[in-house]
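Heads up: the structure comes next, in structure tokens.
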Protein chains: 2
Amino acid sequence: MSTTTASDQLLVRPKRADARRNYEKVLSAAREAFLEGGEDTSLEEIARRAGVGIGTLYRHFPNRQALLEALYAGEVEELSRSAAELDAKEPWDALSLWFERFIAYLATKRALAGELLNYMDKDAPLFAASRASMFAAGEPLLKRAQEAGVVRPDVEFGEILQMVMGIGKIPTADPAQTEHMLRIALDGLRYRPQD
Amino acid sequence: MSTTTASDQLLVRPKRADARRNYEKVLSAAREAFLEGGEDTSLEEIARRAGVGIGTLYRHFPNRQALLEALYAGEVEELSRSAAELDAKEPWDALSLWFERFIAYLATKRALAGELLNYMDKDAPLFAASRASMFAAGEPLLKRAQEAGVVRPDVEFGEILQMVMGIGKIPTADPAQTEHMLRIALDGLRYRPQD
DNA sequence: TACGATACGGAGGGTCCCTCCGTTTGTCAA
DNA sequence: TTGACAAACGGAGGGACCCTCCGTATCGTA
């Protein structure tokens with residue numbers, strides 16, 4: 001254990017060049033396959049597209065879920081970052097716009113999203129990072145809207161997130177319909193039982 | 001226009017006694033298995049529980065989907081019928097109560113519902129009957145609420161149904177949370193952009 | 001160059017859905 | 001009651017998929 005190498009290498013083990021290359025090949029083959037093909041593309045098919053053996057695929061991604069998660073991670077982060085630029089807008093607009101983007105994102109990556117949501121169902125811990133990222137980005141928007149009095153105070157961010165995901169997960173021929181449903185559901189956030 | 005009742009009998013050929021018996025055995029074994037076990041109980045397991053061969057199961061239900069549909073049909077009808085007794089209530093209460101029952105139903109039969117919704121996604125035609133039944137029961141409730149002015153006029157029943165299904169499909173540790181989300185989403189139905 | 005660590009790849013085990021077809025059983029006319 | 005035949009049964013097995021295991025090839029370094 002005479003690791004005299006640089007200290008920063010302790011966490012990130014230097015992978016072999018071919019390993020790094022194959023990792024990327026699999027990832028991009030998977031992205032491509034999920035986008036164009038069905039959501040149920042087999043891992044064997046993905047390995048073939050990537051030009052690697054199935055064993056190699058599994059070396060990098062211990063199971064289907066892990067591969068999905070790896071694909072997902074980058075996108076979620078991007079989505080989360082996009083919350084920052086909404087700070088300038090009105091509290092309500094910021095919140096609803098962000099969710100609209102989220103839905104739009106789900107729509108684009110329907111196949112991917114479907115799979116992910118499926119796994120999210122039964123094995124949440126794997127998505128802890130992504131979830132945390134979503135919370136970090138979206139929760140402040142909600143809080144701001146609630147403090148501004150434009151959103152009812154009795155809702156939590158997690159609830160809304162799940163609601164929106166549920167709506168987004170529904171496959172519809174017409175994307176506009178999904179957006180319509182989202183808008184209605186979000187309007188529920190500002191309903192006041194004034195009676 | 002209505003279907004000729006006489007011709008209906010042409011479709012129902014007298015089945016052999018053992019066939020009828022096995023049909024029921026499979027159906028009840030499936031119901032039991034899906035309720036207690038996971039949603040991914042294999043058809044082989046169901047056949048074993050029913051005490052029939054896998055071939056027999058497939059004779060009666062050409063595929064997994066068909067079995068689910070058969071299980072589902074009865075329940076949906078019951079749910080639909082329950083709309084009738086809501087006529088006496090206030091338009092809004094009737095509508096929201098009915099959807100609450102729907103959600104509750106989905107919660108009870110989570111496994112079943114999950115499977116069904118999955119199949120509904122990609123192969124709607126099979127569910128034409130069930131869908132029609134839901135529409136027949138629920139759409140009048142919506143219309144009534146809209147005419148009474150307690151629900152925004154720019155929504156269609158199909159949309160709401162999908163929205164509710166999406167929310168219902170989300171697995172949550174706490175059923176109360178699902179109900180909360182439903183209530184929020186439904187409140188969106190009566191939001192007025194009156195500001 | 002030589003050698004150990006690392007990574008590759010695909011055969012194969014286990015599971016599942018569904019089909020096919022030889023065998024069994026219910027039904028009914030004689 | 002009996003015999004014959006359509007109807008129904010049951011399970012072996014094909015095909016697809018996920019994932020594991022391990023002998024082989026390759027990389028990086030001394």
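By convention in this document, the chains of the structure tokens carry letters A, B, ... by their order, each chain's residues are numbered from 1, and ligands are numbered from 1 in the order they are shown.
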### RMSD after least-squares fit, chain A onto chain B [all C-alpha atoms, in order]
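Result: 3.9 Å C-alpha RMSD.
Interface residues on chain B toward chain C (cut-off 8 Å, only C-alpha atoms (C1' of nucleotides)): Arg16, Ala17, Asp18, Ser42, Tyr58 and Asn63 of chain B.
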### Task
Residues of chain D near chain B: apply a cut-off of 12 Å, count only C-alpha atoms (C1' of nucleotides), and supply the list as a ChimeraX atom specification.
/D:6-12
Selected residues written out, C-alpha atoms (C1' of nucleotides), as a PDB file, in the first residue's frame:
```pdb
ATOM      1  C1'  DA D   6     -64.759 -32.147 -30.429  1.00  0.00           C
ATOM      2  C1'  DA D   7     -63.127 -29.591 -26.602  1.00  0.00           C
ATOM      3  C1'  DA D   8     -59.976 -28.899 -23.194  1.00  0.00           C
ATOM      4  C1'  DC D   9     -55.799 -30.109 -20.633  1.00  0.00           C
ATOM      5  C1'  DG D  10     -50.861 -29.857 -19.492  1.00  0.00           C
ATOM      6  C1'  DG D  11     -46.186 -29.297 -19.871  1.00  0.00           C
ATOM      7  C1'  DA D  12     -42.012 -29.469 -22.784  1.00  0.00           C
TER       8       DA D  12
END
```
### Query
For chain A, which residues have at least one atom within 9 Å of chain B, if we go by only C-alpha atoms? Write them as a ChimeraX atom specification, please.
/A:117,121-122,155,159-160,162-172,177-178,180-192
Could you save the residues just selected, with C-alpha atoms, as a CSV table (one decimal), in the first residue's frame?
```
chain,number,residue,atom,x,y,z
A,117,LEU,CA,-40.2,6.5,-12.9
A,121,ASP,CA,-41.2,3.5,-7.6
A,122,LYS,CA,-39.6,0.6,-6.0
A,155,VAL,CA,-48.4,21.7,0.3
A,159,GLU,CA,-45.9,16.1,-3.1
A,160,ILE,CA,-46.0,18.4,-6.0
A,162,GLN,CA,-44.8,13.4,-7.4
A,163,MET,CA,-48.0,14.9,-8.7
A,164,VAL,CA,-46.2,16.4,-11.7
A,165,MET,CA,-44.3,13.2,-12.3
A,166,GLY,CA,-47.5,11.3,-12.3
A,167,ILE,CA,-49.0,13.6,-14.9
A,168,GLY,CA,-45.9,13.6,-16.9
A,169,LYS,CA,-45.7,9.8,-17.0
A,170,ILE,CA,-49.1,9.5,-18.6
A,171,PRO,CA,-48.6,8.8,-22.2
A,172,THR,CA,-50.7,10.9,-24.5
A,177,GLN,CA,-53.0,17.7,-23.4
A,178,THR,CA,-50.4,16.8,-20.9
A,180,HIS,CA,-53.1,21.3,-20.1
A,181,MET,CA,-53.4,18.8,-17.3
A,182,LEU,CA,-50.3,20.2,-15.6
A,183,ARG,CA,-51.7,23.7,-15.7
A,184,ILE,CA,-54.9,22.6,-14.2
A,185,ALA,CA,-53.2,20.6,-11.5
A,186,LEU,CA,-50.8,23.5,-10.7
A,187,ASP,CA,-53.8,25.9,-10.5
A,188,GLY,CA,-54.9,23.7,-7.7
A,189,LEU,CA,-51.9,25.0,-5.8
A,190,ARG,CA,-53.3,28.5,-5.7
A,191,TYR,CA,-56.9,27.6,-5.0
A,192,ARG,CA,-58.4,29.4,-2.0
```
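The interatomic distance for the pair CA of Ala33 (chain B) and CA of Ala111 (chain B) works out to 9.8 Å.
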### Task
Using DSSP on the backbone coordinates, identify the residues of region 2-195 of chain B assigned to helix (DSSP H, G or I); present them as a ChimeraX atom specification.
/B:5-11,17-36,43-50,54-60,64-81,84-86,91-108,110-122,124-147,157-169,175-190
